[in-house]
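First the structure, in the form of structure tokens, and then the observations on it.
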Amino acid sequence: EKGEFRHFMQKEIHEQVRALTDTLAGRVDFDNGKIRLPQLNLDAEGAKKIKKIIITACGTAAHAGMVGKIYLERIARIPTEVDIASEFRYRDPIVDADTVVLAISQSGETADTLAAMEEGRQRGAKLWSIVNAIGSQAMRVADGFISMQSGPEIGVASTKAFTAPLVDLFMLAVLLGDLRGTLSEKERFDLVADLRLVPDLVGRCLDREDEIIPIARKMKDAAHMLYLGRGVNMPIAYEGALKLKEISYIHAEAYPAGEMKHGPIALVDKDMPVLAIAPLDPWYEKMISQIEQAKARGGSTLVVATEGDTRVPDLADHIFWVPKCPWLLSPIVTVIPLQMFAYHIAAQRGLDVDQPRNLAKSVTVE
Ligand code: M6R
């Protein structure tokens with residue numbers, strides 16, 4: 001039940017500290033800097049054989065996959081593609097026995113995702129899945145799986161089943177990097193140590209919920225919004241925009257920030273609020289200049305920024321503060337205020353947050 005919360009979505013946003021703590025439990029050996037994912041059925045020989053990973057998923061799960069691509073390429077040095085499940089099998093994909101098709105799904109019953117897995121199977125790939133619903137089809141048909149520890153998710157807008165797979169993908173990348181010998185011992189220890197920080201960092205974002213409510217009040221009648229992010233936080237722009245669209249019915253569009261100058265900047269004027277995700281990561285300077293450009297064109301600016309940042313306050317009309325964190329893990333942190341922002345806008349608009357129009361929790365038709 002919802003307990004102290006008005007909606008399941010709000011409750012589930014707050015359950016993320018617990019979900020992420022459970023995600024790490026039993027899988028991360030901090031003393032030895034090791035990751036254990038026994039249900040993947042993976043050994044060093046199997047790990048070394050992999051030539052390519054194709055992540056396939058829909059919606060929010062696909063956004064998690066976009067972050068996962070960066071983890072798998074950077075940490076494990078395995079070429080990785082992300083394919084929207086409804087596109088994958090219609091493009092005659094290049095898949096063989098050295099390819100892993102990795103499906104991500106909260107429900108484990110999404111028709112498009114299951115069809116993409118079947119396509120991978122037909123073409124001889126190894127099948128892995130990251131799934132929340134225990135015993136679901138996406139778990140059963142896989143050769144190996146990682147079980148999300150999110151617990152049941154009721155709200156149609158996925159929240160805790162987004163952050164858990166981000167941690168799963170990070171752990172998977174470290175495990176593969178270890179088994180394939182692409183990580184030095186120090187790198188491995190450092191990456192594993194960073195994981196320990198995650199639940200607390202998310203909790204500190206949740207503690208700032210009261211600061212987000214007035215920002216939501218200001219923006220709740222916006223007609224449009226542009227979300228910008230870059231690098232590891234580019235997928236978070238997509239995820240933040242999707243959250244806003246699906247529950248508040250405000251048109252939100254996401255772009256990789258560097259694409260702005262190739263067209264979308266023409267949209268920016270005083271009626272186009274720009275939400276930029278600009279934590280202290282390797283793309284920070286680029287994001288700052290993007291925010292300057294939006295401001296120069298009269299757009300109101302909302303910025304996700306790291307506590308202590310001294311430049312963002314001069315540029316932003318509204319700031320979503322997040323704690324300082326290792327940049328590779330920052331998407332798990334920066335998405336939290338965007339979930340709360342979308343939630344509070346929809347709640348203030350008096351909408352049916354948990355059951356938005358035209359949507360179902362599990363999309364079992366193609
Ligand atoms: O159950 P799945 O993770 O396979 O669902 C995929 C999408 O339908 C789902 O993430 C959808 O985009 C959510 N409503 C997003 O909040």
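By convention here, the chains of the structure tokens are called A, B, ... in the order presented, each chain's residues are numbered starting at 1, and ligands are numbered starting at 1 in the order presented.
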Taking only C-alpha atoms and all ligand atoms into account, report as a ChimeraX atom specification which residues have an atom no farther than 6 Å from an atom of ligand 1. /A:58-61,105-108,110,156-158,362-363
Can I get the selection written as a tab-separated table (two decimals), in the first residue's frame, with C-alpha atoms?
```tsv
chain	number	residue	atom	x	y	z
A	58	CYS	CA	11.86	-0.32	-24.72
A	59	GLY	CA	11.15	3.01	-23.08
A	60	THR	CA	12.83	3.60	-19.76
A	61	ALA	CA	14.63	0.26	-19.94
A	105	SER	CA	12.80	-5.22	-18.81
A	106	GLN	CA	10.96	-4.39	-15.62
A	107	SER	CA	7.99	-6.61	-16.40
A	108	GLY	CA	9.84	-9.27	-18.34
A	110	THR	CA	7.06	-6.67	-22.96
A	156	VAL	CA	3.18	3.14	-14.78
A	157	ALA	CA	6.11	5.55	-14.80
A	158	SER	CA	9.16	3.47	-14.08
A	362	SER	CA	3.19	-3.83	-19.14
A	363	VAL	CA	2.94	-3.59	-22.92
```
Shell of 6 Å around region 183-200 of chain A, only C-alpha atoms, local chain residues under 4 positions omitted, as a ChimeraX atom specification: /A:17,20-21,33,177-178
Residue set, region 165-364 of chain A restricted to strand (DSSP E or B), as a PDB file with C-alpha atoms, in the first residue's frame:
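The file below, states-v7.pdb, is the result:
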```
ATOM      1  CA  HIS A 224       7.094  22.549 -23.830  1.00  0.00           C
ATOM      2  CA  MET A 225      10.435  21.787 -22.333  1.00  0.00           C
ATOM      3  CA  LEU A 226      13.816  20.899 -23.767  1.00  0.00           C
ATOM      4  CA  TYR A 227      16.054  18.468 -21.835  1.00  0.00           C
ATOM      5  CA  LEU A 228      19.771  18.460 -22.562  1.00  0.00           C
ATOM      6  CA  GLY A 229      22.526  16.169 -21.412  1.00  0.00           C
ATOM      7  CA  HIS A 251       5.643  18.078 -24.414  1.00  0.00           C
ATOM      8  CA  ALA A 252       9.264  17.473 -23.546  1.00  0.00           C
ATOM      9  CA  GLU A 253      12.036  16.797 -25.973  1.00  0.00           C
ATOM     10  CA  ALA A 254      15.489  15.472 -25.198  1.00  0.00           C
ATOM     11  CA  TYR A 255      18.692  16.119 -27.103  1.00  0.00           C
ATOM     12  CA  PRO A 256      22.351  15.304 -26.746  1.00  0.00           C
ATOM     13  CA  VAL A 274      15.673  24.444 -21.092  1.00  0.00           C
ATOM     14  CA  LEU A 275      16.550  21.810 -18.514  1.00  0.00           C
ATOM     15  CA  ALA A 276      20.256  20.972 -18.535  1.00  0.00           C
ATOM     16  CA  ILE A 277      21.969  18.148 -16.692  1.00  0.00           C
ATOM     17  CA  ALA A 278      25.350  19.551 -15.723  1.00  0.00           C
ATOM     18  CA  THR A 301      17.008  27.576 -17.449  1.00  0.00           C
ATOM     19  CA  LEU A 302      16.688  24.688 -15.026  1.00  0.00           C
ATOM     20  CA  VAL A 303      19.934  22.965 -14.167  1.00  0.00           C
ATOM     21  CA  VAL A 304      20.896  19.773 -12.364  1.00  0.00           C
ATOM     22  CA  ALA A 305      24.154  20.773 -10.666  1.00  0.00           C
ATOM     23  CA  THR A 306      26.624  19.479  -8.099  1.00  0.00           C
ATOM     24  CA  HIS A 318      16.182  27.023 -10.967  1.00  0.00           C
ATOM     25  CA  ILE A 319      18.706  24.521  -9.636  1.00  0.00           C
ATOM     26  CA  PHE A 320      18.289  20.863  -8.744  1.00  0.00           C
ATOM     27  CA  TRP A 321      21.221  20.203  -6.430  1.00  0.00           C
ATOM     28  CA  VAL A 322      22.799  16.753  -6.320  1.00  0.00           C
TER      29      VAL A 322
END
```
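Shortest atom-to-atom contact with Met66 (chain A) among A:Ala25, A:Ile250, A:Ile78, A:Ile104: A:Ile104, counting only C-alpha atoms.
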12 Å contact set for Asp221 (chain A), only C-alpha atoms, chain neighbours under 4 positions out, as an MDAnalysis selection string: chainID A and resid 215:217 225 248:251 271:273 345:346 348:349
Computed gap from CA of Lys361 (chain A) to CA of Pro165 (chain A) is 17.6 Å
If DSSP is run on the backbone, what residues of region 46-112 of chain A are alpha helix (DSSP H)? A reply as a PyMOL selection string would be ideal. chain A and resi 46-49+59-76+85-88+111-112
Skip Lys126 (chain A) itself and residues of its chain fewer than 3 positions away, then list as an mmCIF file with all heavy atoms, in the first residue's frame all residues within 7 Å of it, counting only C-alpha atoms.
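The file below, result.cif, is the result:
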```cif
data_model
loop_
_atom_site.group_PDB
_atom_site.id
_atom_site.type_symbol
_atom_site.label_atom_id
_atom_site.label_comp_id
_atom_site.auth_asym_id
_atom_site.auth_seq_id
_atom_site.Cartn_x
_atom_site.Cartn_y
_atom_site.Cartn_z
ATOM 1 N N ALA A 97 27.217 -16.330 -32.804
ATOM 2 C CA ALA A 97 27.386 -17.025 -31.521
ATOM 3 C C ALA A 97 28.293 -16.249 -30.559
ATOM 4 O O ALA A 97 28.293 -16.518 -29.357
ATOM 5 C CB ALA A 97 27.947 -18.424 -31.763
ATOM 6 N N THR A 99 27.990 -13.048 -30.136
ATOM 7 C CA THR A 99 27.228 -11.855 -29.765
ATOM 8 C C THR A 99 26.371 -12.191 -28.554
ATOM 9 O O THR A 99 25.800 -13.275 -28.476
ATOM 10 C CB THR A 99 26.277 -11.442 -30.926
ATOM 11 O OG1 THR A 99 27.042 -11.270 -32.112
ATOM 12 C CG2 THR A 99 25.522 -10.162 -30.596
ATOM 13 N N VAL A 100 26.286 -11.238 -27.632
ATOM 14 C CA VAL A 100 25.320 -11.370 -26.541
ATOM 15 C C VAL A 100 24.167 -10.417 -26.820
ATOM 16 O O VAL A 100 24.393 -9.227 -27.096
ATOM 17 C CB VAL A 100 25.947 -11.001 -25.171
ATOM 18 C CG1 VAL A 100 24.871 -10.936 -24.094
ATOM 19 C CG2 VAL A 100 27.017 -12.007 -24.783
ATOM 20 N N VAL A 101 22.958 -10.916 -26.785
ATOM 21 C CA VAL A 101 21.783 -10.045 -26.829
ATOM 22 C C VAL A 101 21.319 -9.904 -25.386
ATOM 23 O O VAL A 101 20.985 -10.890 -24.723
ATOM 24 C CB VAL A 101 20.682 -10.615 -27.737
ATOM 25 C CG1 VAL A 101 19.382 -9.820 -27.576
ATOM 26 C CG2 VAL A 101 21.133 -10.578 -29.199
ATOM 27 N N ASP A 143 19.758 -17.292 -21.236
ATOM 28 C CA ASP A 143 20.809 -18.229 -20.820
ATOM 29 C C ASP A 143 21.370 -17.821 -19.460
ATOM 30 O O ASP A 143 21.925 -18.654 -18.743
ATOM 31 C CB ASP A 143 21.943 -18.241 -21.852
ATOM 32 C CG ASP A 143 21.454 -18.675 -23.221
ATOM 33 O OD1 ASP A 143 20.775 -19.713 -23.296
ATOM 34 O OD2 ASP A 143 21.727 -17.960 -24.207
#
```
Figure out the distance between CA of Val131 (chain A) and CA of Val353 (chain A), please, to one decimal in Å.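 Taking CA of Val353 (chain A) and CA of Val131 (chain A), their separation equals 23.7 Å.
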Contacts of region 40-48 of chain A at 8 Å (only C-alpha atoms; same-chain gap of 2+ positions) as a PDB file with N, CA, C and O atoms, in the first residue's frame:
```
ATOM      1  N   LEU A  37      27.898 -12.381  -9.994  1.00  0.00           N
ATOM      2  CA  LEU A  37      26.560 -12.429 -10.611  1.00  0.00           C
ATOM      3  C   LEU A  37      26.322 -13.871 -11.066  1.00  0.00           C
ATOM      4  O   LEU A  37      26.343 -14.182 -12.264  1.00  0.00           O
ATOM      5  N   PRO A  38      26.114 -14.782 -10.127  1.00  0.00           N
ATOM      6  CA  PRO A  38      26.102 -16.211 -10.460  1.00  0.00           C
ATOM      7  C   PRO A  38      25.012 -16.608 -11.457  1.00  0.00           C
ATOM      8  O   PRO A  38      25.212 -17.533 -12.247  1.00  0.00           O
ATOM      9  N   ILE A  50      33.175 -13.064 -26.021  1.00  0.00           N
ATOM     10  CA  ILE A  50      32.177 -12.080 -26.482  1.00  0.00           C
ATOM     11  C   ILE A  50      32.816 -11.031 -27.393  1.00  0.00           C
ATOM     12  O   ILE A  50      33.790 -10.384 -27.022  1.00  0.00           O
ATOM     13  N   TRP A 128      21.061 -12.821 -22.577  1.00  0.00           N
ATOM     14  CA  TRP A 128      21.044 -12.429 -21.168  1.00  0.00           C
ATOM     15  C   TRP A 128      19.873 -11.475 -20.934  1.00  0.00           C
ATOM     16  O   TRP A 128      19.423 -10.798 -21.882  1.00  0.00           O
ATOM     17  N   ASP A 143      19.758 -17.292 -21.236  1.00  0.00           N
ATOM     18  CA  ASP A 143      20.809 -18.229 -20.820  1.00  0.00           C
ATOM     19  C   ASP A 143      21.370 -17.821 -19.460  1.00  0.00           C
ATOM     20  O   ASP A 143      21.925 -18.654 -18.743  1.00  0.00           O
ATOM     21  N   GLY A 144      21.269 -16.549 -19.159  1.00  0.00           N
ATOM     22  CA  GLY A 144      21.713 -16.047 -17.864  1.00  0.00           C
ATOM     23  C   GLY A 144      20.986 -14.749 -17.589  1.00  0.00           C
ATOM     24  O   GLY A 144      20.579 -14.063 -18.525  1.00  0.00           O
ATOM     25  N   PHE A 145      20.807 -14.422 -16.333  1.00  0.00           N
ATOM     26  CA  PHE A 145      20.065 -13.184 -16.039  1.00  0.00           C
ATOM     27  C   PHE A 145      20.599 -12.511 -14.789  1.00  0.00           C
ATOM     28  O   PHE A 145      21.321 -13.112 -13.976  1.00  0.00           O
ATOM     29  N   ILE A 146      20.242 -11.240 -14.653  1.00  0.00           N
ATOM     30  CA  ILE A 146      20.467 -10.502 -13.409  1.00  0.00           C
ATOM     31  C   ILE A 146      19.084 -10.091 -12.933  1.00  0.00           C
ATOM     32  O   ILE A 146      18.323  -9.472 -13.688  1.00  0.00           O
ATOM     33  N   LEU A 176      32.799  -8.224 -16.325  1.00  0.00           N
ATOM     34  CA  LEU A 176      33.352  -8.584 -17.638  1.00  0.00           C
ATOM     35  C   LEU A 176      34.774  -8.056 -17.789  1.00  0.00           C
ATOM     36  O   LEU A 176      35.655  -8.746 -18.323  1.00  0.00           O
ATOM     37  N   LEU A 179      36.976 -10.442 -15.800  1.00  0.00           N
ATOM     38  CA  LEU A 179      37.151 -11.759 -16.436  1.00  0.00           C
ATOM     39  C   LEU A 179      37.958 -11.676 -17.730  1.00  0.00           C
ATOM     40  O   LEU A 179      38.672 -12.602 -18.089  1.00  0.00           O
ATOM     41  N   ARG A 180      37.842 -10.553 -18.429  1.00  0.00           N
ATOM     42  CA  ARG A 180      38.563 -10.398 -19.698  1.00  0.00           C
ATOM     43  C   ARG A 180      39.942  -9.785 -19.506  1.00  0.00           C
ATOM     44  O   ARG A 180      40.697  -9.621 -20.472  1.00  0.00           O
TER      45      ARG A 180
END
```
Counting only C-alpha atoms, the option among A:Val333, A:Val28, A:Val82, A:Ala64 closest to Tyr238 (chain A): A:Ala64
Write out as an mmCIF file with N, CA and C atoms, in the first residue's frame each polymer residue whose atoms come within 12 Å of Ile53 (chain A), counting only C-alpha atoms; drop sequence neighbours fewer than 2 positions from it.
```cif
data_model
loop_
_atom_site.group_PDB
_atom_site.id
_atom_site.type_symbol
_atom_site.label_atom_id
_atom_site.label_comp_id
_atom_site.auth_asym_id
_atom_site.auth_seq_id
_atom_site.Cartn_x
_atom_site.Cartn_y
_atom_site.Cartn_z
ATOM 1 N N ALA A 47 33.432 -15.111 -21.098
ATOM 2 C CA ALA A 47 33.560 -13.653 -21.150
ATOM 3 C C ALA A 47 34.518 -13.226 -22.254
ATOM 4 N N LYS A 49 35.116 -14.697 -25.016
ATOM 5 C CA LYS A 49 34.566 -15.020 -26.337
ATOM 6 C C LYS A 49 33.692 -13.900 -26.912
ATOM 7 N N ILE A 50 33.175 -13.064 -26.021
ATOM 8 C CA ILE A 50 32.177 -12.080 -26.482
ATOM 9 C C ILE A 50 32.816 -11.031 -27.393
ATOM 10 N N LYS A 51 32.253 -10.861 -28.587
ATOM 11 C CA LYS A 51 32.787 -9.855 -29.514
ATOM 12 C C LYS A 51 31.911 -8.613 -29.540
ATOM 13 N N ILE A 55 22.276 -4.459 -26.648
ATOM 14 C CA ILE A 55 21.267 -4.266 -25.604
ATOM 15 C C ILE A 55 19.957 -3.950 -26.300
ATOM 16 N N THR A 56 18.905 -4.643 -25.893
ATOM 17 C CA THR A 56 17.618 -4.373 -26.512
ATOM 18 C C THR A 56 16.555 -4.200 -25.422
ATOM 19 N N GLY A 65 19.735 1.131 -20.887
ATOM 20 C CA GLY A 65 20.669 0.489 -21.813
ATOM 21 C C GLY A 65 21.653 1.473 -22.427
ATOM 22 N N GLY A 68 24.221 1.869 -20.058
ATOM 23 C CA GLY A 68 24.942 0.591 -20.015
ATOM 24 C C GLY A 68 25.961 0.459 -21.136
ATOM 25 N N LYS A 69 25.621 0.964 -22.295
ATOM 26 C CA LYS A 69 26.566 0.931 -23.423
ATOM 27 C C LYS A 69 27.872 1.632 -23.036
ATOM 28 N N ILE A 70 27.729 2.777 -22.396
ATOM 29 C CA ILE A 70 28.934 3.532 -21.999
ATOM 30 C C ILE A 70 29.733 2.727 -20.969
ATOM 31 N N TYR A 71 29.049 2.108 -20.025
ATOM 32 C CA TYR A 71 29.753 1.295 -19.016
ATOM 33 C C TYR A 71 30.476 0.125 -19.670
ATOM 34 N N LEU A 72 29.764 -0.600 -20.534
ATOM 35 C CA LEU A 72 30.350 -1.815 -21.113
ATOM 36 C C LEU A 72 31.523 -1.477 -22.036
ATOM 37 N N GLU A 73 31.422 -0.371 -22.747
ATOM 38 C CA GLU A 73 32.520 -0.015 -23.640
ATOM 39 C C GLU A 73 33.701 0.536 -22.855
ATOM 40 N N ALA A 76 34.599 -2.492 -19.784
ATOM 41 C CA ALA A 76 34.932 -3.847 -20.245
ATOM 42 C C ALA A 76 35.505 -3.864 -21.658
ATOM 43 N N ARG A 77 35.489 -2.717 -22.323
ATOM 44 C CA ARG A 77 36.007 -2.577 -23.696
ATOM 45 C C ARG A 77 35.340 -3.559 -24.670
ATOM 46 N N ILE A 78 34.040 -3.759 -24.515
ATOM 47 C CA ILE A 78 33.303 -4.617 -25.452
ATOM 48 C C ILE A 78 32.402 -3.712 -26.303
ATOM 49 N N PRO A 79 32.527 -3.803 -27.640
ATOM 50 C CA PRO A 79 31.639 -2.993 -28.491
ATOM 51 C C PRO A 79 30.181 -3.298 -28.154
ATOM 52 N N THR A 80 29.409 -2.250 -27.918
ATOM 53 C CA THR A 80 28.030 -2.436 -27.467
ATOM 54 C C THR A 80 27.097 -1.514 -28.235
ATOM 55 N N GLU A 81 25.995 -2.071 -28.666
ATOM 56 C CA GLU A 81 24.969 -1.271 -29.338
ATOM 57 C C GLU A 81 23.709 -1.292 -28.490
ATOM 58 N N VAL A 82 22.897 -0.266 -28.641
ATOM 59 C CA VAL A 82 21.582 -0.284 -28.000
ATOM 60 C C VAL A 82 20.552 -0.243 -29.108
ATOM 61 N N ASP A 83 19.659 -1.195 -29.095
ATOM 62 C CA ASP A 83 18.644 -1.245 -30.132
ATOM 63 C C ASP A 83 17.270 -1.249 -29.484
ATOM 64 N N ILE A 94 23.217 -8.024 -37.484
ATOM 65 C CA ILE A 94 24.387 -8.902 -37.604
ATOM 66 C C ILE A 94 24.666 -9.488 -36.230
ATOM 67 N N VAL A 95 24.321 -10.743 -36.086
ATOM 68 C CA VAL A 95 24.369 -11.421 -34.789
ATOM 69 C C VAL A 95 24.919 -12.815 -35.013
ATOM 70 N N ASP A 96 25.842 -13.246 -34.156
ATOM 71 C CA ASP A 96 26.313 -14.628 -34.264
ATOM 72 C C ASP A 96 26.561 -15.200 -32.870
ATOM 73 N N ALA A 97 27.217 -16.330 -32.804
ATOM 74 C CA ALA A 97 27.386 -17.025 -31.521
ATOM 75 C C ALA A 97 28.293 -16.249 -30.559
ATOM 76 N N ASP A 98 29.066 -15.294 -31.083
ATOM 77 C CA ASP A 98 29.924 -14.488 -30.211
ATOM 78 C C ASP A 98 29.255 -13.164 -29.810
ATOM 79 N N THR A 99 27.990 -13.048 -30.136
ATOM 80 C CA THR A 99 27.228 -11.855 -29.765
ATOM 81 C C THR A 99 26.371 -12.191 -28.554
ATOM 82 N N VAL A 100 26.286 -11.238 -27.632
ATOM 83 C CA VAL A 100 25.320 -11.370 -26.541
ATOM 84 C C VAL A 100 24.167 -10.417 -26.820
ATOM 85 N N VAL A 101 22.958 -10.916 -26.785
ATOM 86 C CA VAL A 101 21.783 -10.045 -26.829
ATOM 87 C C VAL A 101 21.319 -9.904 -25.386
ATOM 88 N N LEU A 102 21.357 -8.673 -24.897
ATOM 89 C CA LEU A 102 21.049 -8.396 -23.490
ATOM 90 C C LEU A 102 19.752 -7.597 -23.418
ATOM 91 N N ALA A 103 18.695 -8.223 -22.930
ATOM 92 C CA ALA A 103 17.391 -7.549 -22.820
ATOM 93 C C ALA A 103 17.258 -6.950 -21.423
ATOM 94 N N GLY A 120 17.260 -12.849 -31.433
ATOM 95 C CA GLY A 120 18.639 -13.167 -31.055
ATOM 96 C C GLY A 120 18.854 -14.669 -30.965
ATOM 97 N N ALA A 125 22.654 -16.136 -30.972
ATOM 98 C CA ALA A 125 23.328 -15.333 -29.944
ATOM 99 C C ALA A 125 23.157 -15.953 -28.567
ATOM 100 N N LYS A 126 24.037 -15.525 -27.649
ATOM 101 C CA LYS A 126 23.797 -15.831 -26.243
ATOM 102 C C LYS A 126 22.797 -14.805 -25.735
ATOM 103 N N LEU A 127 21.859 -15.261 -24.904
ATOM 104 C CA LEU A 127 20.802 -14.360 -24.414
ATOM 105 C C LEU A 127 20.964 -14.099 -22.926
ATOM 106 N N TRP A 128 21.061 -12.821 -22.577
ATOM 107 C CA TRP A 128 21.044 -12.429 -21.168
ATOM 108 C C TRP A 128 19.873 -11.475 -20.934
ATOM 109 N N SER A 129 19.434 -11.401 -19.698
ATOM 110 C CA SER A 129 18.414 -10.399 -19.394
ATOM 111 C C SER A 129 18.648 -9.784 -18.020
ATOM 112 N N LEU A 172 27.946 -5.496 -14.093
ATOM 113 C CA LEU A 172 28.220 -6.395 -15.217
ATOM 114 C C LEU A 172 29.485 -5.964 -15.950
ATOM 115 N N ALA A 173 29.632 -4.663 -16.171
ATOM 116 C CA ALA A 173 30.815 -4.164 -16.878
ATOM 117 C C ALA A 173 32.083 -4.454 -16.081
ATOM 118 N N LEU A 176 32.799 -8.224 -16.325
ATOM 119 C CA LEU A 176 33.352 -8.584 -17.638
ATOM 120 C C LEU A 176 34.774 -8.056 -17.789
#
```
Work out how far CA of Met171 (chain A) is from CA of Leu329 (chain A), in Å to one decimal. 11.1 Å
Got a sec: who's within 8 Å of Ser86 (chain A), counting only C-alpha atoms, leaving out chain neighbours fewer than 4 positions off, as JSON, numbers by chain? {"A": [58, 90, 112, 113, 116, 366]}
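Among A:Val202, A:Ala342, A:Leu166, A:Leu280, the residue with the shortest atom-to-atom distance to Ala241 (chain A), counting only C-alpha atoms, is A:Ala342.
Considering only C-alpha atoms, the residue among A:Gly240, A:Pro93, A:Pro235, A:Pro326 positioned nearest to Gln122 (chain A) is A:Pro93.
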Between A:His344, A:Arg230, A:Arg91, A:Arg311, which residue has the minimum interatomic distance to Glu211 (chain A), considering only C-alpha atoms?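 Ranking A:His344, A:Arg230, A:Arg91, A:Arg311 by distance to Glu211 (chain A), first place goes to A:His344.
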